[in-house]
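Everything below concerns the one structure shown next.
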Amino acid sequence: MKKIMVTGAAGFVGSNLIDKLLSMGSHVVGIDNLKTGKLVSLEFALRSRNFKFIALDLMTEKSLLVEELKGIDEVYHLSANADVRFGPEDPYRDFNQNTLVTLNLLDAMRIANVNRIFFSSTGSIYGESNVFPTPETVSFPVQTSLYGASKLACEGLIQAFCNTYGMRASIFRFVSVLGPRYSHGHVKDFFDQISLDPRNLKVLGNGFQAKSYVHVNDCVNGMILVSEYQTTPLEIFNIGLDEVCTVRDSVGWIIDEMRAKPIVQYGESDRGWIGDNPIIQLDSSKLRKLGWAPKQTIEESIRATVRYLKDSSS
């Protein structure tokens with residue numbers, strides 16, 4: 001049975017991935033510095049004899065990381081600063097927590113002789129593409145956010161390590177992920193606003209931004225499917241639904257689930273913040289050819305996320 005390391009273990013996607021891997025019988029080592037991740041997200045995993053959790057900072061504790069990597073077969077690298085909105089406040093945040101941390105991990109893997117990595121990138125690397133749905137083969141995009149740029153730099157490092165040291169990699173470009181343990185993003189922002197003041201909701205941007213989303217279970221299933229069927233040393237896969245919804249659609253589903261009737265105040269811009277792309281829709285046909293098919297629609301995922309937030313706040 002494989003022994004797998006997951007970085008960002010106590011985060012949203014990482015903890016859901018670990019639960020799935022454990023249910024499949026894998027031995028899992030979870031790494032997290034717990035600055036944003038929460039141990040409660042690992043409640044199921046911590047009861048398993050096949051799981052080991054290590055509180056470790058990938059930025060500063062590389063020698064310890066090398067030791068923990070010994071005997072590992074595969075690494076799922078999900079550790080990152082994942083909130084694109086606040087990048088302009090500190091231009092080093094995304095570089096340090098995304099790019100530099102990824103370089104530390106890759107070099108630790110090289111030293112420990114671990115050569116298989118699965119990396120969570122982002123659909124944000126496509127910037128403001130003029131091709132929708134956007135395929136993995138689109139012309140090299142202009143970067144519109146520090147977050148996207150840092151993730152694209154990670155992809156470049158991974159590709160270089162594959163060619164230089166013979167590593168094998170799967171790179172996943174996600175749309176925004178929804179579902180249980182969801183911790184940040186527009187659904188939580190709107191949920192928190194309405195919880196504090198059910199009469200008013202302020203939306204950044206005009207609400208006509210069109211975005212795709214994917215349920216965390218569908219996202220995790222896509223990653224694991226690739227681990228079973230990828231045969232080439234380096235591949236890039238989009239993970240996202242064919243459909244999109246506008247922010248206004250999402251607002252309607254959220255307030256319906258919350259049984260609220262706020263006055264909704266929209267902005268005038270076609271984006272909510274610097275680096276917010278007005279349209280995100282990825283072409284996931286490459287992953288679908290392996291047999292992947294999402295089970296949750298965007299509306300179902302948004303409503304399920306609101307119900308999770310309601311349950312976890314009660």
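Chain identifiers are assigned as A, B, and so on, following the order in which chains appear in the structure tokens; residues are numbered from 1 within each chain, and ligands are numbered from 1 in order of appearance.
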>> Please return, as number ranges by chain, all residues of region 75-251 of chain A that DSSP assigns to strand (DSSP E or B) on the basis of the backbone.
In response: A: 75-77, 116-120, 134, 168-174, 176-178, 200-203, 210-211, 213-215, 234-239, 245-246
>> Which residues are near Asn33 (chain A)? Cut-off 10 Å, only C-alpha atoms, ignore same chain within fewer than 3 positions. Put them as a PyMOL selection string.
In response: chain A and resi 7-10+36-38+54-59+79
Since we have the selection now, will you write its residues out, keeping N, CA and C atoms, as a PDB file, in the first residue's frame?
ATOM      1  N   THR A   7       0.595  17.914   2.043  1.00  0.00           N
ATOM      2  CA  THR A   7       0.875  19.202   2.678  1.00  0.00           C
ATOM      3  C   THR A   7      -0.410  20.035   2.667  1.00  0.00           C
ATOM      4  N   GLY A   8      -0.510  20.959   3.617  1.00  0.00           N
ATOM      5  CA  GLY A   8      -1.771  21.675   3.777  1.00  0.00           C
ATOM      6  C   GLY A   8      -2.848  20.743   4.291  1.00  0.00           C
ATOM      7  N   ALA A   9      -2.429  19.799   5.143  1.00  0.00           N
ATOM      8  CA  ALA A   9      -3.294  18.698   5.566  1.00  0.00           C
ATOM      9  C   ALA A   9      -4.531  19.146   6.329  1.00  0.00           C
ATOM     10  N   ALA A  10      -4.407  20.208   7.110  1.00  0.00           N
ATOM     11  CA  ALA A  10      -5.526  20.655   7.937  1.00  0.00           C
ATOM     12  C   ALA A  10      -6.365  21.719   7.249  1.00  0.00           C
ATOM     13  N   THR A  36      -3.375  28.587   9.289  1.00  0.00           N
ATOM     14  CA  THR A  36      -4.746  28.759   8.805  1.00  0.00           C
ATOM     15  C   THR A  36      -5.531  27.449   8.860  1.00  0.00           C
ATOM     16  N   GLY A  37      -4.850  26.321   8.765  1.00  0.00           N
ATOM     17  CA  GLY A  37      -5.513  25.028   8.874  1.00  0.00           C
ATOM     18  C   GLY A  37      -5.967  24.757  10.299  1.00  0.00           C
ATOM     19  N   LYS A  38      -6.956  23.874  10.428  1.00  0.00           N
ATOM     20  CA  LYS A  38      -7.532  23.583  11.738  1.00  0.00           C
ATOM     21  C   LYS A  38      -7.509  22.072  12.001  1.00  0.00           C
ATOM     22  N   ILE A  54       1.895  15.834  11.437  1.00  0.00           N
ATOM     23  CA  ILE A  54       3.100  16.526  11.885  1.00  0.00           C
ATOM     24  C   ILE A  54       2.906  18.024  11.703  1.00  0.00           C
ATOM     25  N   ALA A  55       3.013  18.768  12.792  1.00  0.00           N
ATOM     26  CA  ALA A  55       2.972  20.235  12.721  1.00  0.00           C
ATOM     27  C   ALA A  55       4.358  20.712  12.302  1.00  0.00           C
ATOM     28  N   LEU A  56       4.462  21.143  11.057  1.00  0.00           N
ATOM     29  CA  LEU A  56       5.769  21.471  10.490  1.00  0.00           C
ATOM     30  C   LEU A  56       5.617  22.626   9.514  1.00  0.00           C
ATOM     31  N   ASP A  57       6.555  23.562   9.547  1.00  0.00           N
ATOM     32  CA  ASP A  57       6.539  24.718   8.656  1.00  0.00           C
ATOM     33  C   ASP A  57       7.449  24.441   7.460  1.00  0.00           C
ATOM     34  N   LEU A  58       6.863  24.344   6.282  1.00  0.00           N
ATOM     35  CA  LEU A  58       7.634  24.032   5.079  1.00  0.00           C
ATOM     36  C   LEU A  58       8.631  25.137   4.724  1.00  0.00           C
ATOM     37  N   MET A  59       8.392  26.324   5.239  1.00  0.00           N
ATOM     38  CA  MET A  59       9.273  27.448   4.944  1.00  0.00           C
ATOM     39  C   MET A  59      10.583  27.359   5.727  1.00  0.00           C
ATOM     40  N   SER A  79      -0.400  22.863   0.288  1.00  0.00           N
ATOM     41  CA  SER A  79      -0.094  23.986   1.170  1.00  0.00           C
ATOM     42  C   SER A  79       0.080  25.258   0.360  1.00  0.00           C
TER      43      SER A  79
END
> Which value, in Å to one decimal, gives the distance between CA of Asp242 (chain A) and CA of Ile254 (chain A)?
Replying inline: 21.1 Å
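The nearest approach to Tyr308 (chain A) among the residues A:Gly179, A:Gly148, A:Pro233, A:Pro198, with only C-alpha atoms taken into account, belongs to A:Gly179.
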Distance table requested - region 65-164 of chain A against region 218-221 of chain A, cut-off 12 Å, only C-alpha atoms: one row per qualifying residue with the closest atom pair and its distance in Å to one decimal, ordered by chain and rising residue number, as a Markdown table.
| residue | atom | partner | partner_atom | distance |
| --- | --- | --- | --- | --- |
| A:Tyr76 | CA | A:Val220 | CA | 11.0 |
| A:Leu78 | CA | A:Val220 | CA | 11.5 |
| A:Phe118 | CA | A:Val220 | CA | 11.5 |
| A:Ser120 | CA | A:Cys219 | CA | 10.4 |
Saved selection, atoms kept: N, CA and C atoms, as a PDB file, in the first residue's frame:
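Below is the file out_38.pdb, written as the result:
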ATOM      1  N   TYR A  76       1.147  14.931  -2.242  1.00  0.00           N
ATOM      2  CA  TYR A  76       0.119  15.862  -2.714  1.00  0.00           C
ATOM      3  C   TYR A  76       0.413  17.204  -2.057  1.00  0.00           C
ATOM      4  N   LEU A  78      -0.647  20.703  -1.322  1.00  0.00           N
ATOM      5  CA  LEU A  78      -1.778  21.625  -1.289  1.00  0.00           C
ATOM      6  C   LEU A  78      -1.535  22.837  -0.390  1.00  0.00           C
ATOM      7  N   PHE A 118       1.895  15.594  -6.822  1.00  0.00           N
ATOM      8  CA  PHE A 118       0.625  16.100  -7.326  1.00  0.00           C
ATOM      9  C   PHE A 118       0.480  17.514  -6.773  1.00  0.00           C
ATOM     10  N   SER A 120      -1.528  21.281  -6.473  1.00  0.00           N
ATOM     11  CA  SER A 120      -2.755  22.059  -6.642  1.00  0.00           C
ATOM     12  C   SER A 120      -2.389  23.466  -7.105  1.00  0.00           C
TER      13      SER A 120
END
>> Which residues are close to region 87-93 of chain A, i.e. within 9 Å by only C-alpha atoms, leaving aside same-chain residues fewer than 2 positions away? Reply as a list in words.
In response: Asn81, Asp83, Val84, Arg85, Phe95, Asn96, Gln97, Asn98, Ser145, Leu146, Tyr147, Ile274 and Gly275 of chain A
Print the selection's residues with C-alpha atoms to a file, as a PDB file, in the first residue's frame.
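Writing the result to part_17.pdb gives the following:
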ATOM      1  CA  ASN A  81      -1.805  31.049   0.731  1.00  0.00           C
ATOM      2  CA  ASP A  83      -6.822  33.976  -0.774  1.00  0.00           C
ATOM      3  CA  VAL A  84      -6.103  35.944  -3.946  1.00  0.00           C
ATOM      4  CA  ARG A  85      -7.747  39.155  -2.752  1.00  0.00           C
ATOM      5  CA  PHE A  95       5.813  34.297  -3.239  1.00  0.00           C
ATOM      6  CA  ASN A  96       6.898  33.033   0.176  1.00  0.00           C
ATOM      7  CA  GLN A  97       3.929  30.817   1.008  1.00  0.00           C
ATOM      8  CA  ASN A  98       3.408  29.459  -2.490  1.00  0.00           C
ATOM      9  CA  SER A 145      -2.839  38.530  -9.771  1.00  0.00           C
ATOM     10  CA  LEU A 146       0.152  37.944  -7.537  1.00  0.00           C
ATOM     11  CA  TYR A 147      -1.481  34.715  -6.434  1.00  0.00           C
ATOM     12  CA  ILE A 274      -7.549  43.669  -8.136  1.00  0.00           C
ATOM     13  CA  GLY A 275      -6.883  40.318  -9.782  1.00  0.00           C
TER      14      GLY A 275
END
> Can you tell me, as a list of chain:residue names, what residues are no more than 12 Å from Met1 (chain A) when counting only C-alpha atoms, ignoring any on the same chain fewer than 6 positions away?
Replying inline: A:Leu21, A:Leu22, A:Met24, A:Gly25, A:Ser26, A:His27, A:Val28, A:Asn50, A:Gly71, A:Ile72, A:Asp73, A:Glu74
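Using only C-alpha atoms, the residues found no farther than 8 Å from Ala108 (chain A), other than those of its own chain fewer than 6 positions away, are Lys62, Ser63, Leu65, Val66 and Leu69 of chain A.
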> If you count only C-alpha atoms, which residues fall within 12 Å of region 133-135 of chain A, apart from same-chain ones fewer than 3 positions away, as a PyMOL selection string?
Replying inline: chain A and resi 123-130+138-141+173-175+210-212+236-244+279-287
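Between Phe86 (chain A) and the candidates A:Ile194, A:Gly185, A:Asp270, A:Ile298, the tightest atom-to-atom separation, counting only C-alpha atoms, involves A:Gly185.
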>> From a backbone DSSP assignment, name each residue in region 14-175 of chain A labelled alpha helix (DSSP H), as a PyMOL selection string.
In response: chain A and resi 14-23+62-69+91-94+101-112+146-165
Any chance you could export the current selection's N, CA and C atoms as a short mmCIF file (atom, residue, chain, number, x, y, z; two decimals), in the first residue's frame?
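So the final result, stored in out.cif, reads:
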data_model
loop_
_atom_site.label_atom_id
_atom_site.label_comp_id
_atom_site.auth_asym_id
_atom_site.auth_seq_id
_atom_site.Cartn_x
_atom_site.Cartn_y
_atom_site.Cartn_z
N GLY A 14 -7.17 19.77 1.50
CA GLY A 14 -6.24 18.79 2.03
C GLY A 14 -6.89 17.79 2.96
N SER A 15 -7.71 18.27 3.88
CA SER A 15 -8.34 17.36 4.84
C SER A 15 -9.35 16.44 4.16
N ASN A 16 -10.08 16.96 3.19
CA ASN A 16 -11.02 16.11 2.44
C ASN A 16 -10.28 15.06 1.62
N LEU A 17 -9.16 15.45 1.04
CA LEU A 17 -8.34 14.50 0.29
C LEU A 17 -7.82 13.39 1.21
N ILE A 18 -7.37 13.75 2.38
CA ILE A 18 -6.84 12.76 3.33
C ILE A 18 -7.92 11.75 3.72
N ASP A 19 -9.12 12.23 3.98
CA ASP A 19 -10.21 11.31 4.32
C ASP A 19 -10.43 10.29 3.21
N LYS A 20 -10.38 10.76 1.97
CA LYS A 20 -10.59 9.87 0.83
C LYS A 20 -9.45 8.86 0.71
N LEU A 21 -8.21 9.32 0.84
CA LEU A 21 -7.06 8.43 0.74
C LEU A 21 -7.09 7.36 1.83
N LEU A 22 -7.45 7.76 3.04
CA LEU A 22 -7.53 6.79 4.14
C LEU A 22 -8.63 5.76 3.89
N SER A 23 -9.75 6.21 3.33
CA SER A 23 -10.85 5.29 3.05
C SER A 23 -10.46 4.26 1.99
N LYS A 62 13.05 22.66 6.78
CA LYS A 62 13.33 21.78 5.63
C LYS A 62 14.03 20.48 6.05
N SER A 63 14.95 20.56 7.01
CA SER A 63 15.67 19.35 7.42
C SER A 63 14.72 18.33 8.03
N LEU A 64 13.76 18.80 8.82
CA LEU A 64 12.75 17.89 9.38
C LEU A 64 11.87 17.31 8.28
N LEU A 65 11.57 18.13 7.28
CA LEU A 65 10.76 17.67 6.16
C LEU A 65 11.47 16.54 5.42
N VAL A 66 12.75 16.69 5.19
CA VAL A 66 13.52 15.65 4.51
C VAL A 66 13.40 14.32 5.25
N GLU A 67 13.49 14.36 6.59
CA GLU A 67 13.38 13.13 7.38
C GLU A 67 12.01 12.50 7.23
N GLU A 68 10.98 13.34 7.25
CA GLU A 68 9.61 12.80 7.16
C GLU A 68 9.31 12.27 5.76
N LEU A 69 10.02 12.74 4.76
CA LEU A 69 9.80 12.30 3.39
C LEU A 69 10.40 10.91 3.12
N PRO A 91 3.19 41.93 -1.22
CA PRO A 91 3.59 41.20 -2.43
C PRO A 91 4.50 40.01 -2.18
N TYR A 92 5.05 39.88 -0.97
CA TYR A 92 5.91 38.73 -0.66
C TYR A 92 5.11 37.54 -0.14
N ARG A 93 3.86 37.77 0.26
CA ARG A 93 3.08 36.69 0.89
C ARG A 93 2.89 35.51 -0.06
N ASP A 94 2.40 35.77 -1.27
CA ASP A 94 2.18 34.69 -2.21
C ASP A 94 3.49 34.04 -2.65
N VAL A 101 7.92 28.02 -0.74
CA VAL A 101 7.58 26.78 -0.04
C VAL A 101 7.62 25.59 -1.01
N THR A 102 7.14 25.80 -2.23
CA THR A 102 7.16 24.72 -3.22
C THR A 102 8.59 24.35 -3.59
N LEU A 103 9.47 25.34 -3.73
CA LEU A 103 10.87 25.05 -4.00
C LEU A 103 11.50 24.26 -2.85
N ASN A 104 11.20 24.64 -1.61
CA ASN A 104 11.72 23.91 -0.45
C ASN A 104 11.26 22.45 -0.48
N LEU A 105 9.99 22.25 -0.80
CA LEU A 105 9.44 20.90 -0.84
C LEU A 105 10.10 20.08 -1.96
N LEU A 106 10.22 20.66 -3.13
CA LEU A 106 10.82 19.94 -4.25
C LEU A 106 12.26 19.53 -3.94
N ASP A 107 13.01 20.45 -3.34
CA ASP A 107 14.40 20.12 -3.03
C ASP A 107 14.47 19.06 -1.93
N ALA A 108 13.56 19.14 -0.95
CA ALA A 108 13.52 18.10 0.09
C ALA A 108 13.17 16.75 -0.52
N MET A 109 12.25 16.74 -1.49
CA MET A 109 11.92 15.50 -2.18
C MET A 109 13.13 14.96 -2.93
N ARG A 110 13.87 15.85 -3.57
CA ARG A 110 15.09 15.42 -4.28
C ARG A 110 16.08 14.76 -3.34
N ILE A 111 16.29 15.38 -2.19
CA ILE A 111 17.24 14.85 -1.22
C ILE A 111 16.77 13.50 -0.67
N ALA A 112 15.45 13.39 -0.44
CA ALA A 112 14.88 12.16 0.15
C ALA A 112 14.57 11.10 -0.91
N LEU A 146 -1.07 38.46 -8.14
CA LEU A 146 0.15 37.94 -7.54
C LEU A 146 -0.01 36.47 -7.17
N TYR A 147 -1.19 36.11 -6.77
CA TYR A 147 -1.48 34.72 -6.43
C TYR A 147 -1.30 33.81 -7.66
N GLY A 148 -1.94 34.19 -8.77
CA GLY A 148 -1.81 33.40 -9.98
C GLY A 148 -0.37 33.31 -10.45
N ALA A 149 0.35 34.45 -10.37
CA ALA A 149 1.75 34.46 -10.80
C ALA A 149 2.60 33.53 -9.93
N SER A 150 2.33 33.51 -8.63
CA SER A 150 3.11 32.65 -7.73
C SER A 150 2.85 31.18 -8.02
N LYS A 151 1.60 30.85 -8.36
CA LYS A 151 1.27 29.46 -8.68
C LYS A 151 1.88 29.04 -10.02
N LEU A 152 1.89 29.97 -10.98
CA LEU A 152 2.50 29.64 -12.26
C LEU A 152 4.00 29.44 -12.10
N ALA A 153 4.62 30.22 -11.21
CA ALA A 153 6.04 30.01 -10.91
C ALA A 153 6.26 28.63 -10.29
N CYS A 154 5.33 28.19 -9.44
CA CYS A 154 5.42 26.84 -8.87
C CYS A 154 5.37 25.79 -9.99
N GLU A 155 4.46 25.99 -10.93
CA GLU A 155 4.36 25.05 -12.04
C GLU A 155 5.68 24.97 -12.80
N GLY A 156 6.29 26.14 -13.03
CA GLY A 156 7.57 26.16 -13.73
C GLY A 156 8.65 25.41 -12.99
N LEU A 157 8.70 25.59 -11.67
CA LEU A 157 9.69 24.89 -10.86
C LEU A 157 9.47 23.37 -10.91
N ILE A 158 8.22 22.97 -10.83
CA ILE A 158 7.90 21.53 -10.88
C ILE A 158 8.32 20.95 -12.22
N GLN A 159 8.01 21.65 -13.29
CA GLN A 159 8.39 21.17 -14.62
C GLN A 159 9.92 21.06 -14.74
N ALA A 160 10.63 22.05 -14.19
CA ALA A 160 12.09 22.03 -14.25
C ALA A 160 12.66 20.87 -13.43
N PHE A 161 12.10 20.61 -12.26
CA PHE A 161 12.56 19.49 -11.44
C PHE A 161 12.28 18.16 -12.14
N CYS A 162 11.16 18.08 -12.84
CA CYS A 162 10.86 16.85 -13.58
C CYS A 162 11.92 16.61 -14.65
N ASN A 163 12.28 17.65 -15.38
CA ASN A 163 13.25 17.50 -16.46
C ASN A 163 14.68 17.36 -15.95
N THR A 164 14.97 17.97 -14.80
CA THR A 164 16.34 17.94 -14.27
C THR A 164 16.61 16.70 -13.44
N TYR A 165 15.65 16.29 -12.63
CA TYR A 165 15.88 15.21 -11.66
C TYR A 165 15.02 13.97 -11.91
#
> Which neighbours of Glu235 (chain A) fall inside 7 Å, counting only C-alpha atoms, when residues of the same chain fewer than 6 positions from it are skipped, and could you give them as a ChimeraX atom specification?
Replying inline: /A:169-171
Export N, CA and C atoms of the chosen residues as a CSV table (one decimal), in the first residue's frame?
chain,number,residue,atom,x,y,z
A,169,ALA,N,5.1,14.4,-12.3
A,169,ALA,CA,4.2,15.4,-11.7
A,169,ALA,C,2.9,15.4,-12.4
A,170,SER,N,1.8,15.7,-11.6
A,170,SER,CA,0.5,16.0,-12.1
A,170,SER,C,0.2,17.4,-11.5
A,171,ILE,N,-0.2,18.3,-12.4
A,171,ILE,CA,-0.5,19.7,-12.0
A,171,ILE,C,-2.0,19.9,-12.2
> Of the candidates A:Val75, A:Ala82, A:Val306, A:Val6, which one gets nearest to Val114 (chain A) if we count only C-alpha atoms?
Replying inline: A:Val75
>> Here is a test: counting only C-alpha atoms, which residue of A:Leu178, A:Leu234, A:Leu290, A:Ala304 is nearest to Met258 (chain A)?
In response: A:Ala304
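Pairwise distance (CA of Glu61 (chain A), CA of Leu42 (chain A)) equals 21.9 Å.
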